[in-house]
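Q: Contents are PDB, C-alpha atoms (C1' of nucleotides); file name work.pdb:
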```pdb
ATOM      1  CA  MET R  18      85.677 168.047  13.727
ATOM      2  CA  ALA R  19      89.036 166.707  12.711
ATOM      3  CA  ASP R  20      90.648 163.860  14.577
ATOM      4  CA  LEU R  21      91.439 165.142  17.990
ATOM      5  CA  PRO R  22      94.450 163.483  19.501
ATOM      6  CA  LYS R  23      93.907 160.910  22.187
ATOM      7  CA  PRO R  24      94.700 162.613  25.480
ATOM      8  CA  THR R  25      97.607 161.082  27.341
ATOM      9  CA  GLU R  26      97.166 159.818  30.860
ATOM     10  CA  ALA R  27      98.304 163.059  32.433
ATOM     11  CA  GLU R  28      96.162 165.093  30.089
ATOM     12  CA  LEU R  29      93.150 163.036  30.982
ATOM     13  CA  GLU R  30      93.638 163.791  34.655
ATOM     14  CA  ILE R  31      93.495 167.472  33.864
ATOM     15  CA  LEU R  32      90.420 167.046  31.729
ATOM     16  CA  GLN R  33      88.691 165.210  34.576
ATOM     17  CA  ILE R  34      89.325 168.138  36.884
ATOM     18  CA  LEU R  35      88.059 170.642  34.343
ATOM     19  CA  TRP R  36      84.933 168.649  33.531
ATOM     20  CA  GLU R  37      84.158 168.811  37.216
ATOM     21  CA  LYS R  38      85.044 172.410  37.997
ATOM     22  CA  GLU R  39      85.566 174.402  34.847
ATOM     23  CA  PRO R  40      86.327 177.112  34.134
ATOM     24  CA  CYS R  41      89.562 177.081  36.085
ATOM     25  CA  THR R  42      92.871 178.844  36.281
ATOM     26  CA  VAL R  43      96.047 176.826  36.136
ATOM     27  CA  ARG R  44      96.408 177.320  39.856
ATOM     28  CA  GLN R  45      93.017 175.867  40.581
ATOM     29  CA  VAL R  46      93.720 172.830  38.467
ATOM     30  CA  ASN R  47      97.085 172.365  40.055
ATOM     31  CA  GLU R  48      95.636 172.553  43.533
ATOM     32  CA  VAL R  49      93.462 169.541  42.817
ATOM     33  CA  LEU R  50      96.021 167.695  40.746
ATOM     34  CA  SER R  51      98.829 168.100  43.238
ATOM     35  CA  GLN R  52      96.845 166.242  45.855
ATOM     36  CA  LYS R  53      96.980 162.995  43.916
ATOM     37  CA  LYS R  54     100.528 163.424  42.720
ATOM     38  CA  LYS R  55     103.013 166.035  43.785
ATOM     39  CA  THR R  56     102.950 168.067  40.626
ATOM     40  CA  GLY R  57     104.779 171.347  40.317
ATOM     41  CA  TYR R  58     102.861 174.376  39.181
ATOM     42  CA  THR R  59     104.823 174.808  35.986
ATOM     43  CA  THR R  60     104.286 171.175  35.114
ATOM     44  CA  THR R  61     100.549 171.661  35.170
ATOM     45  CA  LEU R  62     100.922 174.927  33.285
ATOM     46  CA  LYS R  63     102.970 173.250  30.574
ATOM     47  CA  PHE R  64     100.431 170.476  30.156
ATOM     48  CA  MET R  65      97.611 172.927  29.822
ATOM     49  CA  GLN R  66      99.536 174.914  27.211
ATOM     50  CA  ILE R  67     100.163 171.729  25.252
ATOM     51  CA  MET R  68      96.531 170.750  25.540
ATOM     52  CA  LEU R  69      95.496 174.141  24.267
ATOM     53  CA  GLU R  70      97.675 173.629  21.198
ATOM     54  CA  LYS R  71      96.217 170.192  20.632
ATOM     55  CA  GLY R  72      92.716 171.585  20.813
ATOM     56  CA  LEU R  73      91.766 169.766  23.988
ATOM     57  CA  LEU R  74      91.321 172.993  25.936
ATOM     58  CA  LYS R  75      90.286 176.536  25.242
ATOM     59  CA  ARG R  76      90.981 179.622  27.286
ATOM     60  CA  GLU R  77      90.060 183.174  27.890
ATOM     61  CA  GLU R  78      92.282 186.036  28.946
ATOM     62  CA  ALA R  79      91.475 187.551  32.294
ATOM     63  CA  GLY R  80      93.947 190.344  32.779
ATOM     64  CA  ARG R  81      97.298 188.819  33.716
ATOM     65  CA  SER R  82      96.101 185.250  33.781
ATOM     66  CA  HIS R  83      94.126 182.763  31.719
ATOM     67  CA  ILE R  84      90.980 180.885  32.456
ATOM     68  CA  TYR R  85      90.702 177.459  30.894
ATOM     69  CA  SER R  86      87.852 175.193  29.920
ATOM     70  CA  SER R  87      87.685 171.864  28.164
ATOM     71  CA  ALA R  88      87.200 171.948  24.418
ATOM     72  CA  VAL R  89      86.053 168.317  24.267
ATOM     73  CA  ALA R  90      82.979 166.862  25.922
ATOM     74  CA  GLU R  91      83.385 164.263  28.622
ATOM     75  CA  ALA R  92      81.026 161.708  27.073
ATOM     76  CA  ASP R  93      82.590 162.067  23.622
ATOM     77  CA  THR R  94      86.039 161.599  25.014
ATOM     78  CA  GLN R  95      84.973 158.602  27.059
ATOM     79  CA  GLN R  96      83.394 157.068  23.999
ATOM     80  CA  ARG R  97      86.478 157.619  21.892
ATOM     81  CA  LEU R  98      88.744 156.114  24.506
ATOM     82  CA  LEU R  99      86.346 153.261  25.082
ATOM     83  CA  ASP R 100      86.274 152.362  21.398
ATOM     84  CA  ARG R 101      90.034 152.239  21.323
ATOM     85  CA  PHE R 102      90.152 150.216  24.479
ATOM     86  CA  VAL R 103      87.594 147.670  23.308
ATOM     87  CA  ASN R 104      89.519 147.174  20.102
ATOM     88  CA  GLN R 105      92.908 146.892  21.742
ATOM     89  CA  VAL R 106      92.036 144.770  24.733
ATOM     90  CA  PHE R 107      88.855 142.921  23.792
ATOM     91  CA  LYS R 108      89.357 142.597  20.048
ATOM     92  CA  GLY R 109      86.334 144.776  19.422
ATOM     93  CA  SER R 110      83.866 142.773  21.480
ATOM     94  CA  ALA R 111      81.954 145.257  23.609
ATOM     95  CA  SER R 112      79.867 142.567  25.213
ATOM     96  CA  LYS R 113      82.924 140.702  26.403
ATOM     97  CA  LEU R 114      84.102 143.872  28.029
ATOM     98  CA  VAL R 115      80.715 144.435  29.601
ATOM     99  CA  MET R 116      80.630 140.999  31.088
ATOM    100  CA  GLN R 117      84.116 141.298  32.436
ATOM    101  CA  ALA R 118      83.270 144.679  33.929
ATOM    102  CA  LEU R 119      80.100 143.443  35.578
ATOM    103  CA  GLY R 120      81.717 140.275  36.772
ATOM    104  CA  ASN R 121      84.310 141.799  39.010
ATOM    105  CA  LYS R 122      82.915 145.146  39.933
ATOM    106  CA  LYS R 123      80.163 145.522  42.427
ATOM    107  CA  SER R 124      77.565 147.946  41.253
ATOM    108  CA  SER R 125      74.594 149.174  43.211
ATOM    109  CA  LYS R 126      71.116 147.760  42.650
ATOM    110  CA  ASP R 127      70.082 151.044  41.130
ATOM    111  CA  GLU R 128      72.843 150.903  38.591
ATOM    112  CA  LEU R 129      72.092 147.312  37.687
ATOM    113  CA  GLU R 130      68.477 148.287  37.224
ATOM    114  CA  GLN R 131      69.504 151.058  34.862
ATOM    115  CA  ILE R 132      71.523 148.641  32.847
ATOM    116  CA  ARG R 133      68.533 146.337  32.576
ATOM    117  CA  LYS R 134      66.391 149.175  31.338
ATOM    118  CA  LEU R 135      69.032 149.978  28.784
ATOM    119  CA  LEU R 136      69.042 146.385  27.617
ATOM    120  CA  ASP R 137      65.284 146.514  27.186
ATOM    121  CA  GLU R 138      65.540 149.644  25.100
ATOM    122  CA  ILE R 139      68.155 148.093  22.909
ATOM    123  CA  ASP R 140      65.988 145.024  22.436
ATOM    124  CA  ASN R 141      62.982 147.105  21.475
ATOM    125  CA  ALA R 142      64.856 149.259  19.024
ATOM    126  CA  ASP R 143      66.475 146.160  17.616
ATOM    127  CA  ASN R 144      64.613 145.895  14.358
ATOM    128  CA  GLU R 145      67.293 147.244  12.081
TER     129      GLU R 145
ATOM    130  CA  MET F  26     101.970 137.248  42.289
ATOM    131  CA  ALA F  27     103.996 140.404  42.323
ATOM    132  CA  ASP F  28     102.866 143.448  40.387
ATOM    133  CA  LEU F  29     103.321 142.680  36.784
ATOM    134  CA  PRO F  30     103.907 145.752  34.701
ATOM    135  CA  LYS F  31     101.087 146.989  32.549
ATOM    136  CA  PRO F  32     101.904 145.937  29.003
ATOM    137  CA  THR F  33     102.390 148.820  26.621
ATOM    138  CA  GLU F  34     100.299 149.090  23.500
ATOM    139  CA  ALA F  35     102.851 147.325  21.348
ATOM    140  CA  GLU F  36     103.360 144.626  23.940
ATOM    141  CA  LEU F  37      99.660 144.006  24.097
ATOM    142  CA  GLU F  38      99.551 143.401  20.362
ATOM    143  CA  ILE F  39     102.133 140.699  20.768
ATOM    144  CA  LEU F  40     100.280 139.161  23.676
ATOM    145  CA  GLN F  41      97.113 139.034  21.585
ATOM    146  CA  ILE F  42      98.909 137.096  18.906
ATOM    147  CA  LEU F  43     100.385 134.678  21.393
ATOM    148  CA  TRP F  44      97.106 134.108  23.204
ATOM    149  CA  GLU F  45      95.710 133.082  19.856
ATOM    150  CA  LYS F  46      98.535 130.979  18.494
ATOM    151  CA  GLU F  47     101.074 130.163  21.169
ATOM    152  CA  PRO F  48     103.597 128.784  21.358
ATOM    153  CA  CYS F  49     105.311 130.790  18.638
ATOM    154  CA  THR F  50     108.737 131.720  17.389
ATOM    155  CA  VAL F  51     109.608 135.360  16.927
ATOM    156  CA  ARG F  52     109.211 134.856  13.209
ATOM    157  CA  GLN F  53     105.686 133.543  13.557
ATOM    158  CA  VAL F  54     104.678 136.457  15.723
ATOM    159  CA  ASN F  55     106.285 138.921  13.364
ATOM    160  CA  GLU F  56     104.493 137.438  10.386
ATOM    161  CA  VAL F  57     101.153 138.243  11.962
ATOM    162  CA  LEU F  58     102.226 141.540  13.468
ATOM    163  CA  SER F  59     103.788 142.878  10.295
ATOM    164  CA  GLN F  60     100.474 142.632   8.509
ATOM    165  CA  LYS F  61      98.884 145.288  10.687
ATOM    166  CA  LYS F  62     101.935 147.486  10.865
ATOM    167  CA  LYS F  63     105.140 147.155   8.890
ATOM    168  CA  THR F  64     107.287 145.952  11.724
ATOM    169  CA  GLY F  65     110.851 144.801  11.202
ATOM    170  CA  TYR F  66     111.848 141.410  12.474
ATOM    171  CA  THR F  67     114.346 142.741  14.991
ATOM    172  CA  THR F  68     111.757 145.126  16.356
ATOM    173  CA  THR F  69     109.497 142.244  17.215
ATOM    174  CA  LEU F  70     112.439 140.305  18.584
ATOM    175  CA  LYS F  71     113.424 143.193  20.807
ATOM    176  CA  PHE F  72     109.923 143.548  22.170
ATOM    177  CA  MET F  73     109.715 139.897  22.979
ATOM    178  CA  GLN F  74     113.061 140.013  24.774
ATOM    179  CA  ILE F  75     111.871 142.966  26.829
ATOM    180  CA  MET F  76     108.622 141.215  27.593
ATOM    181  CA  LEU F  77     110.530 138.158  28.747
ATOM    182  CA  GLU F  78     112.477 140.323  31.161
ATOM    183  CA  LYS F  79     109.315 141.920  32.464
ATOM    184  CA  GLY F  80     107.785 138.525  33.071
ATOM    185  CA  LEU F  81     105.074 138.880  30.458
ATOM    186  CA  LEU F  82     106.436 136.024  28.359
ATOM    187  CA  LYS F  83     108.281 132.813  28.919
ATOM    188  CA  ARG F  84     110.309 130.802  26.448
ATOM    189  CA  GLU F  85     111.903 127.515  25.730
ATOM    190  CA  GLU F  86     115.091 126.820  23.841
ATOM    191  CA  ALA F  87     114.661 124.825  20.677
ATOM    192  CA  GLY F  88     118.123 124.352  19.288
ATOM    193  CA  ARG F  89     119.197 127.610  17.688
ATOM    194  CA  SER F  90     115.959 129.456  18.298
ATOM    195  CA  HIS F  91     113.428 130.166  21.023
ATOM    196  CA  ILE F  92     109.794 129.353  21.355
ATOM    197  CA  TYR F  93     107.707 131.825  23.281
ATOM    198  CA  SER F  94     104.477 131.659  25.214
ATOM    199  CA  SER F  95     102.581 134.161  27.291
ATOM    200  CA  ALA F  96     103.282 134.173  31.005
ATOM    201  CA  VAL F  97     100.101 136.062  31.826
ATOM    202  CA  ALA F  98      96.564 134.887  31.217
ATOM    203  CA  GLU F  99      94.385 136.782  28.801
ATOM    204  CA  ALA F 100      91.454 137.216  31.189
ATOM    205  CA  ASP F 101      93.685 138.366  34.040
ATOM    206  CA  THR F 102      95.374 140.896  31.842
ATOM    207  CA  GLN F 103      92.086 142.151  30.507
ATOM    208  CA  GLN F 104      90.788 142.525  34.030
ATOM    209  CA  ARG F 105      93.843 144.421  35.158
ATOM    210  CA  LEU F 106      93.689 146.787  32.212
ATOM    211  CA  LEU F 107      89.970 147.190  32.606
ATOM    212  CA  ASP F 108      90.295 148.190  36.258
ATOM    213  CA  ARG F 109      92.837 150.809  35.333
ATOM    214  CA  PHE F 110      90.696 152.051  32.505
ATOM    215  CA  VAL F 111      87.539 152.311  34.578
ATOM    216  CA  ASN F 112      89.378 154.312  37.183
ATOM    217  CA  GLN F 113      91.083 156.613  34.741
ATOM    218  CA  VAL F 114      88.258 157.277  32.333
ATOM    219  CA  PHE F 115      85.077 156.576  34.287
ATOM    220  CA  LYS F 116      86.211 157.573  37.775
ATOM    221  CA  GLY F 117      85.769 154.013  38.945
ATOM    222  CA  SER F 118      82.164 153.605  37.861
ATOM    223  CA  ALA F 119      81.941 150.275  36.074
ATOM    224  CA  SER F 120      78.266 150.699  35.404
ATOM    225  CA  LYS F 121      78.803 153.994  33.633
ATOM    226  CA  LEU F 122      81.309 152.265  31.419
ATOM    227  CA  VAL F 123      78.904 149.421  30.772
ATOM    228  CA  MET F 124      76.149 151.736  29.740
ATOM    229  CA  GLN F 125      78.394 153.705  27.469
ATOM    230  CA  ALA F 126      79.649 150.500  25.914
ATOM    231  CA  LEU F 127      76.171 149.104  25.359
ATOM    232  CA  GLY F 128      74.851 152.397  24.118
ATOM    233  CA  ASN F 129      77.057 152.765  21.124
ATOM    234  CA  LYS F 130      78.040 149.259  20.263
ATOM    235  CA  LYS F 131      75.652 146.902  18.636
ATOM    236  CA  SER F 132      75.775 143.526  20.228
ATOM    237  CA  SER F 133      73.975 140.452  19.083
ATOM    238  CA  LYS F 134      70.791 139.260  20.750
ATOM    239  CA  ASP F 135      72.694 136.321  22.131
ATOM    240  CA  GLU F 136      75.226 138.525  23.761
ATOM    241  CA  LEU F 137      72.587 140.777  25.256
ATOM    242  CA  GLU F 138      70.868 137.703  26.609
ATOM    243  CA  GLN F 139      74.087 136.605  28.248
ATOM    244  CA  ILE F 140      74.471 139.967  29.874
ATOM    245  CA  ARG F 141      70.933 139.708  31.244
ATOM    246  CA  LYS F 142      71.689 136.344  32.707
ATOM    247  CA  LEU F 143      74.775 137.772  34.282
ATOM    248  CA  LEU F 144      72.732 140.574  35.822
ATOM    249  CA  ASP F 145      70.350 138.046  37.290
ATOM    250  CA  GLU F 146      73.200 136.132  38.841
ATOM    251  CA  ILE F 147      74.621 139.274  40.362
ATOM    252  CA  ASP F 148      71.230 140.189  41.770
ATOM    253  CA  ASN F 149      70.837 136.786  43.355
ATOM    254  CA  ALA F 150      74.247 136.812  44.937
ATOM    255  CA  ASP F 151      73.720 140.399  45.989
ATOM    256  CA  ASN F 152      73.309 140.090  49.736
ATOM    257  CA  GLU F 153      76.394 141.952  50.858
TER     258      GLU F 153
ATOM    259  C1'  DC T  12     134.737 123.378   3.647
ATOM    260  C1'  DT T  13     132.767 127.823   2.213
ATOM    261  C1'  DC T  14     128.869 130.626   1.394
ATOM    262  C1'  DT T  15     124.329 131.954   2.491
ATOM    263  C1'  DT T  16     120.577 132.261   5.485
ATOM    264  C1'  DT T  17     118.525 132.613  10.021
ATOM    265  C1'  DC T  18     118.855 133.317  14.531
ATOM    266  C1'  DT T  19     119.985 136.026  19.019
ATOM    267  C1'  DA T  20     121.993 139.823  21.599
ATOM    268  C1'  DC T  21     123.071 144.368  22.156
ATOM    269  C1'  DG T  22     123.217 149.184  21.686
ATOM    270  C1'  DA T  23     121.476 153.080  20.386
ATOM    271  C1'  DA T  24     118.631 156.290  17.560
ATOM    272  C1'  DA T  25     113.917 158.179  17.078
ATOM    273  C1'  DT T  26     109.803 159.487  19.144
ATOM    274  C1'  DA T  27     106.502 160.418  22.816
ATOM    275  C1'  DT T  28     105.523 161.751  27.473
ATOM    276  C1'  DT T  29     106.373 163.853  31.791
ATOM    277  C1'  DT T  30     108.662 167.094  34.650
ATOM    278  C1'  DC T  31     110.762 171.194  35.934
ATOM    279  C1'  DG T  32     113.947 175.395  35.960
ATOM    280  C1'  DT T  33     114.616 180.033  34.482
ATOM    281  C1'  DA T  34     113.508 184.410  32.474
ATOM    282  C1'  DA T  35     110.352 188.013  31.518
ATOM    283  C1'  DT T  36     106.511 190.589  32.885
ATOM    284  C1'  DA T  37     102.814 192.450  35.372
ATOM    285  C1'  DA T  38     100.373 193.071  39.543
ATOM    286  C1'  DA T  39     100.304 193.770  44.503
ATOM    287  C1'  DA T  40     102.336 195.029  48.808
ATOM    288  C1'  DT T  41     105.185 197.854  51.564
TER     289       DT T  41
ATOM    290  C1'  DA P  28     109.595 203.524  44.082
ATOM    291  C1'  DT P  29     111.308 199.254  45.437
ATOM    292  C1'  DT P  30     110.435 194.684  46.653
ATOM    293  C1'  DT P  31     107.746 190.653  46.718
ATOM    294  C1'  DT P  32     104.520 187.641  44.589
ATOM    295  C1'  DA P  33     102.030 185.477  40.815
ATOM    296  C1'  DT P  34     101.731 184.459  36.122
ATOM    297  C1'  DT P  35     103.077 183.065  31.385
ATOM    298  C1'  DA P  36     106.385 181.376  27.959
ATOM    299  C1'  DC P  37     110.064 178.751  26.685
ATOM    300  C1'  DG P  38     113.514 175.355  26.575
ATOM    301  C1'  DA P  39     115.288 171.478  27.852
ATOM    302  C1'  DA P  40     116.224 167.498  30.985
ATOM    303  C1'  DA P  41     114.363 162.999  32.471
ATOM    304  C1'  DT P  42     111.881 159.070  31.449
ATOM    305  C1'  DA P  43     109.267 155.756  28.704
ATOM    306  C1'  DT P  44     108.293 153.656  24.355
ATOM    307  C1'  DT P  45     109.167 152.224  19.761
ATOM    308  C1'  DT P  46     112.193 151.098  16.083
ATOM    309  C1'  DC P  47     116.068 149.386  13.854
ATOM    310  C1'  DG P  48     121.081 148.419  12.528
ATOM    311  C1'  DT P  49     124.995 145.652  13.212
ATOM    312  C1'  DA P  50     127.717 141.880  14.988
ATOM    313  C1'  DG P  51     128.341 137.216  15.957
ATOM    314  C1'  DA P  52     127.045 132.448  16.147
ATOM    315  C1'  DA P  53     124.751 128.432  14.440
ATOM    316  C1'  DA P  54     122.437 125.821  10.906
ATOM    317  C1'  DG P  55     121.796 124.508   6.193
ATOM    318  C1'  DA P  56     123.058 124.508   1.069
ATOM    319  C1'  DG P  57     126.328 123.833  -2.327
TER     320       DG P  57
END
```
As structure tokens, what does this structure read like?
A:
Amino acid sequence: MADLPKPTEAELEILQILWEKEPCTVRQVNEVLSQKKKTGYTTTLKFMQIMLEKGLLKREEAGRSHIYSSAVAEADTQQRLLDRFVNQVFKGSASKLVMQALGNKKSSKDELEQIRKLLDEIDNADNE
Amino acid sequence: MADLPKPTEAELEILQILWEKEPCTVRQVNEVLSQKKKTGYTTTLKFMQIMLEKGLLKREEAGRSHIYSSAVAEADTQQRLLDRFVNQVFKGSASKLVMQALGNKKSSKDELEQIRKLLDEIDNADNE
DNA sequence: CTCTTTCTACGAAATATTTCGTAATAAAAT
DNA sequence: ATTTTATTACGAAATATTTCGTAGAAAGAG
């Protein structure tokens, strides 16, 4: 578990698609990706080859073509990016980020309730 | 209130310093910046000139030299970056981000209490 | 006044990221 | 069997970001 590189913005878009639909061929990924931005097939292919080299994806040969899957878990990646983000933008203060996020984003009652439950759990476990 | 460009990583580091200590000369900023990464004086200067052009900074002539301040507020910038981040990494779900942030980051009791209060306020105002 | 130091401005090199064209190959269609 | 289509690999152009060197001007020291 060496230090995986931080995925770039474009790489993250591809990971999002794979997390949702994997395993996928390049074509399948490109079909989804090219709806948000007009991306050529070989552009997507190139990204996925680069990501394979970086260890972000894995693949399996299927005759002429390849079938890709993510090699990094969604939650792990989110956590890694979040840590970076909190440090860069909020000087490491997760609670400041949380308050800013809650302040301007409307969340459903259900979600707010879940957050409350989480707070309770943290409080209870908080006898370090 | 046109669309300010998203500050790059290096630009954000400079903004952080200014938000803390502004107004500053290039030298003052570089003194702080060069402690985290060995940055040459002209590198910092160049960044600050670019940031002036982009509208991220403003400055005032002081004889031979210039005195810079931020032209964007910290909270606004954080909010803008946060929105982007939530969309890119958490598919727009602020509450997922919040839970991930609370889950792995230890926050003080005080901070957790503040978040609870914030939740209450949201609940009360929540008659969309 | 002359030399040294401290600025700014500018250009451009170095690196990272994104995008695509072309060639080679294999499969599928006719 | 020839042509069309689909796929990978590769290289490199286009763009964005980071870094620094050099020149010139202005201030300060001697």
Q: Using all atoms listed in the file, tabulate the residues of chain R lying at most 10 Å from any atom of chain T, each with its closest atom pair and that distance in Å to one decimal, by chain and increasing residue number, as CSV.
A:
```
residue,atom,partner,partner_atom,distance
R:Thr25,CA,T:DT28,C1',7.9
R:Glu26,CA,T:DT28,C1',9.2
R:Ala27,CA,T:DT29,C1',8.1
R:Thr56,CA,T:DT30,C1',8.3
R:Gly57,CA,T:DC31,C1',7.4
R:Tyr58,CA,T:DC31,C1',9.1
R:Thr59,CA,T:DC31,C1',7.0
R:Thr60,CA,T:DT30,C1',6.0
R:Thr61,CA,T:DT30,C1',9.3
R:Lys63,CA,T:DT30,C1',9.3
R:Phe64,CA,T:DT29,C1',9.0
R:Gly80,CA,T:DA37,C1',9.5
R:Arg81,CA,T:DA37,C1',6.8
R:Ser82,CA,T:DA37,C1',10.0
```
Q: Tell me as a PyMOL selection string which residues belonging to chain F come within 7 Å of chain R, counting only C-alpha atoms.
A: chain F and resi 103-104+114+119-120+123-126+130+132+136+140
Q: Report as a Markdown table: every residue of chain P with an atom at most 7 Å from chain F, its closest pair of atoms, and their distance in Å to one decimal, counting all atoms listed in the file, with rows sorted by chain and ascending residue number.
A:
```
| residue | atom | partner | partner_atom | distance |
| --- | --- | --- | --- | --- |
| P:DT46 | C1' | F:Thr68 | CA | 6.0 |
| P:DC47 | C1' | F:Thr68 | CA | 6.6 |
| P:DA53 | C1' | F:Arg89 | CA | 6.5 |
```
Q: Could you check how far CA of Leu43 in chain F sits from C1' of DG55 in chain P, in Å to one decimal?
A: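 C1' of DG55 in chain P lies at a distance of 28.2 Å from CA of Leu43 in chain F.
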Q: List as a list in words: which residues have an atom within 9 Å of (96.6, 183.9, 33.3), counting all atoms listed in the file?
A: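 Here the neighbourhood of the point contains Thr42, Val43, Glu77, Glu78, Ala79, Gly80, Arg81, Ser82, His83 and Ile84 of chain R; DT34 and DT35 of chain P.
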Q: CA of Glu36 in chain F to C1' of DA50 in chain P: how many Å, to one decimal?
A: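 Interatomic distance, CA of Glu36 in chain F to C1' of DA50 in chain P: 26.1 Å.
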